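Below: the structure, in structure tokens.
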Protein chains: 6
Amino acid sequence: MFRRLFAPTIEVSAHCDLPCGVYDPAQARIEAESIAAIIKKVADNDDPDFRTRALIIKEQRSELVKHHLWVLWTDYFKPPHFEKYPELHGLVNEATKLAGATGTKGSMDASTADELLDKIDAIAKIFWETKQG
Amino acid sequence: MFRRLFAPTIEVSAHCDLPCGVYDPAQARIEAESIAAIIKKVADNDDPDFRTRALIIKEQRSELVKHHLWVLWTDYFKPPHFEKYPELHGLVNEATKLAGATGTKGSMDASTADELLDKIDAIAKIFWETKQG
Amino acid sequence: MFRRLFAPTIEVSAHCDLPCGVYDPAQARIEAESIAAIIKKVADNDDPDFRTRALIIKEQRSELVKHHLWVLWTDYFKPPHFEKYPELHGLVNEATKLAGATGTKGSMDASTADELLDKIDAIAKIFWETKQG
Amino acid sequence: MFRRLFAPTIEVSAHCDLPCGVYDPAQARIEAESIAAIIKKVADNDDPDFRTRALIIKEQRSELVKHHLWVLWTDYFKPPHFEKYPELHGLVNEATKLAGATGTKGSMDASTADELLDKIDAIAKIFWETKQG
Amino acid sequence: MFRRLFAPTIEVSAHCDLPCGVYDPAQARIEAESIAAIIKKVADNDDPDFRTRALIIKEQRSELVKHHLWVLWTDYFKPPHFEKYPELHGLVNEATKLAGATGTKGSMDASTADELLDKIDAIAKIFWETKQG
Amino acid sequence: MFRRLFAPTIEVSAHCDLPCGVYDPAQARIEAESIAAIIKKVADNDDPDFRTRALIIKEQRSELVKHHLWVLWTDYFKPPHFEKYPELHGLVNEATKLAGATGTKGSMDASTADELLDKIDAIAKIFWETKQG
């Protein structure tokens, strides 16, 4: 049942700007994990067509990571959060850069996907603290 | 950390057809919960523009419920699952119908969203049993 | 010519969930024929960029086949149809799988596209029988 | 039946710019017929939410009519066609205008949808003559 | 020719993450101006269908404003910029909030669109200073 | 300020069919310049993955060029314009063909992108004359 409790906020945070009022940093992490999985699959597969398909899909997933983090930064985090966590703006900015052309879009290195995952976790840590605060 | 463990599979199941190999019925449930939340917000708000915005967004969320369930039905469930759960085809079919014009797209009744949620839970119950099987 | 005869209502069935009340299995067949045509063109062309473009477009067409069949399964077919044609659920499920990663998305074999076309024709045969029934 | 006869190649012509080499004016007609059907349904239904849903969907269908006609005008018709049918440019231009803000997007009049259908038929007549030419 | 010189960077900044290396805050401003224009047209038009169409389009334009500002914040602005303009993170965050549910998506007030335009201009002022710096 | 004056009309002309009443041929030119930039970057980079990403993005930019020119042709230009500039229909038709499979979508030649840019400039010249007329 935990799955139900947590999962909902993700998609909603990324799509529903009525708003539905629920947010979660997991959505971005999932896309980043998908990117890491894609990169690993490519490393284990030497079919050039498979690599092309992986690049097509990795481009989309990376864009989704950027989108979900942007939604969190704009729709969930409020001024008090940015005051309490002065590094928050920078963290989100760096994380979204890591999902762009200079990050997972332009790279097939597992380390780049890991860096992105670490940044998302740092943002998630703050997110959950604000939820309990 | 449970949130991390469960959330990932959702978006991935709905988007990544490389495939990434992870699936979860929660994605559809989230959209259905979003629909239920939208319907409740409309019941508490008599601004006609708000209702129009709710209809625009509810149309999109309902389509997402259909899409996520279809992905689960086609990409995750295999012949053995359908043999073991003969009611599975019908359950997914009824659930997707409940998210269409004769369901949450065409209705602003909370009961319709609840019926949809119940069907999704029935599908999720089978899904998790197959994961442990 | 039959294929042509079926088409018009398709796009409508796939897009308009007001609903407009018209459905047709040809939409899915057209996309599958497009996939077959793309695969044939690639076989006759050794330009790597052309192959990449073909993979980009084939990925989209395959997703459309899945979508159009899902719409038909959910929005057109009703309980009486599934009772009269117990194999219908399985046919649609197999057809959509044939348009995914294990089917035309992941393959450049003409035989895979042909298998998909045959499944769509089997669904179309049932569809037109229900129209006359 | 002619309308049906024209359809199959449309979706392909509208989506596949590899290209697949097939074109058809029916795609645009289907969308226009969907618009006409939507307008009729609204005339028979006084539920304000239904009208809002109809406006949301009619906006999308009208955009599709414009898109399919544009694809036909650019991807199928060649210089010789425009020389033989000097009125062709104007016909397509007028038809697309009839699917815009000054046409079916901005109107709920059945006559506007009928005017659009007539223009599409005039284009279809030329299209099929070029196919036999 | 000025138009050519400046316009290009907009769309590119919002879409091309190869990247093409050109950026411009005008893209976001255009969408905001479109929103202001939509709000004004609604104030001068009492047709309920027109208002519904305006709400549908305003929802999309507002999302575009958020997207274009996010792209600028992530893809164009670099650490040195954020160091030189410590208020930059906050400005972009406030501007994107002004284009959301609590801003132009949820409001039909011209003043809300004006506030959004002012924020975008403040961001544009910094942007052009960094270009000359 | 020129930038503000000219840029706005672009995106609006391509997206807002309320309509907002502003148009500009620069939108199409920007996409074409993006294509030219992509082609140049590929010529200077022998990483096969970079080339694949360039093909994915070039496919999208080319489609945008076609879309923006179609919008201009249908939504901005009126009968008097076509009477005064009898070559206008042909110019737009040729320009959109140059952004398709036989143009920038199917080619990685800088000359093809230049031909497209010249056609767009010819259309822009007429556009601005009609604005002053």
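By convention in this document, the chains of the structure tokens carry letters A, B, ... by their order, each chain's residues are numbered from 1, and ligands are numbered from 1 in the order they are shown.
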
Using only C-alpha atoms and a distance of at most 12 Å, pull out the residues of chain A that contact chain F, as an mmCIF file with C-alpha atoms, in the first residue's frame.
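Written output follows (part-v8.cif):
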data_model
loop_
_atom_site.group_PDB
_atom_site.id
_atom_site.type_symbol
_atom_site.label_atom_id
_atom_site.label_comp_id
_atom_site.auth_asym_id
_atom_site.auth_seq_id
_atom_site.Cartn_x
_atom_site.Cartn_y
_atom_site.Cartn_z
ATOM 1 C CA VAL A 42 23.151 -0.169 -24.632
ATOM 2 C CA PRO A 48 23.313 -0.307 -33.930
ATOM 3 C CA ASP A 49 19.525 -0.079 -34.366
ATOM 4 C CA ARG A 51 21.480 2.044 -29.888
ATOM 5 C CA THR A 52 19.526 4.394 -32.145
ATOM 6 C CA ARG A 53 16.257 3.467 -30.418
ATOM 7 C CA ALA A 54 17.974 4.016 -27.063
ATOM 8 C CA LEU A 55 19.115 7.492 -28.133
ATOM 9 C CA ILE A 56 15.589 8.378 -29.280
ATOM 10 C CA ILE A 57 14.087 7.281 -25.951
ATOM 11 C CA LYS A 58 16.918 8.690 -23.793
ATOM 12 C CA GLU A 59 16.325 12.089 -25.388
ATOM 13 C CA GLN A 60 12.673 11.932 -24.284
ATOM 14 C CA ALA A 101 22.831 18.367 -23.768
ATOM 15 C CA THR A 102 25.808 18.632 -21.411
ATOM 16 C CA LYS A 105 21.028 13.867 -23.442
ATOM 17 C CA GLY A 106 24.536 14.213 -24.816
ATOM 18 C CA SER A 107 26.186 11.351 -22.977
ATOM 19 C CA MET A 108 26.025 7.545 -22.923
#

*Selection: 9 Å around E:Trp70, only C-alpha atoms, excl. self and same-chain fewer than 3 positions, as a PyMOL selection string*: (chain A and resi 66-67+70) or (chain E and resi 14+65-67+73-75+92-93+96)

*Could you name the residues that touch C:Lys40 at 8 Å or less, counting only C-alpha atoms, but leaving out those on the same chain fewer than 4 positions away, as a list in words?*
Ala36, Asp44 and Ala110 of chain C

*Fewer than 3 positions away in the same chain doesn't count, so skip those; otherwise give me all residues within 9 Å of F:Glu94, counting only C-alpha atoms, as an MDAnalysis selection string.*
(chainID D and resid 74) or (chainID F and resid 89:91 97:99 116 119)

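With atom CA of F:Ile39 on one side and atom CA of A:Ala113 on the other, the separation reads 27.5 Å.
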
_Who sits within 10 Å of B:Ala32, only C-alpha atoms, same chain under 3 positions skipped, as a list of chain:residue names_ = A:Pro8, B:Ala26, B:Gln27, B:Ala28, B:Arg29, B:Ile35, B:Ala36, B:Ala37, B:Ile38, B:Lys58, B:Arg61, B:Ser62, B:Leu64, B:Val65, B:Lys66, B:Ala99, B:Thr104, B:Ala113, B:Asp114, B:Glu115, B:Leu116, B:Leu117, B:Asp118, B:Ile120

Export C-alpha atoms of the chosen residues as an mmCIF file, in the first residue's frame?
data_model
loop_
_atom_site.group_PDB
_atom_site.id
_atom_site.type_symbol
_atom_site.label_atom_id
_atom_site.label_comp_id
_atom_site.auth_asym_id
_atom_site.auth_seq_id
_atom_site.Cartn_x
_atom_site.Cartn_y
_atom_site.Cartn_z
ATOM 1 C CA PRO A 8 0.195 9.314 -6.875
ATOM 2 C CA ALA B 26 -0.055 2.908 -9.607
ATOM 3 C CA GLN B 27 0.373 5.254 -12.554
ATOM 4 C CA ALA B 28 -3.221 4.689 -13.613
ATOM 5 C CA ARG B 29 -4.410 4.961 -10.015
ATOM 6 C CA ILE B 35 -9.672 12.979 -11.378
ATOM 7 C CA ALA B 36 -11.406 12.327 -8.054
ATOM 8 C CA ALA B 37 -9.619 15.357 -6.575
ATOM 9 C CA ILE B 38 -10.622 17.533 -9.529
ATOM 10 C CA LYS B 58 -10.053 16.017 -16.345
ATOM 11 C CA ARG B 61 -6.171 12.839 -16.871
ATOM 12 C CA SER B 62 -8.851 10.403 -18.030
ATOM 13 C CA LEU B 64 -3.825 9.136 -19.189
ATOM 14 C CA VAL B 65 -5.678 6.542 -17.092
ATOM 15 C CA LYS B 66 -6.676 4.747 -20.276
ATOM 16 C CA ALA B 99 -12.153 6.498 -17.920
ATOM 17 C CA THR B 104 -14.888 10.066 -15.975
ATOM 18 C CA ALA B 113 -14.256 8.248 -10.190
ATOM 19 C CA ASP B 114 -14.674 5.834 -7.253
ATOM 20 C CA GLU B 115 -15.821 3.032 -9.561
ATOM 21 C CA LEU B 116 -12.751 3.644 -11.697
ATOM 22 C CA LEU B 117 -10.501 3.527 -8.621
ATOM 23 C CA ASP B 118 -12.035 0.223 -7.514
ATOM 24 C CA ILE B 120 -7.816 -0.170 -10.898
#

_To one decimal place in Å, what is the distance between atom CA of E:Gln132 and atom CA of E:His81?_
12.3 Å

*Quick one, how far is atom CA of D:Asp17 from atom CA of F:Lys125?*
28.7 Å
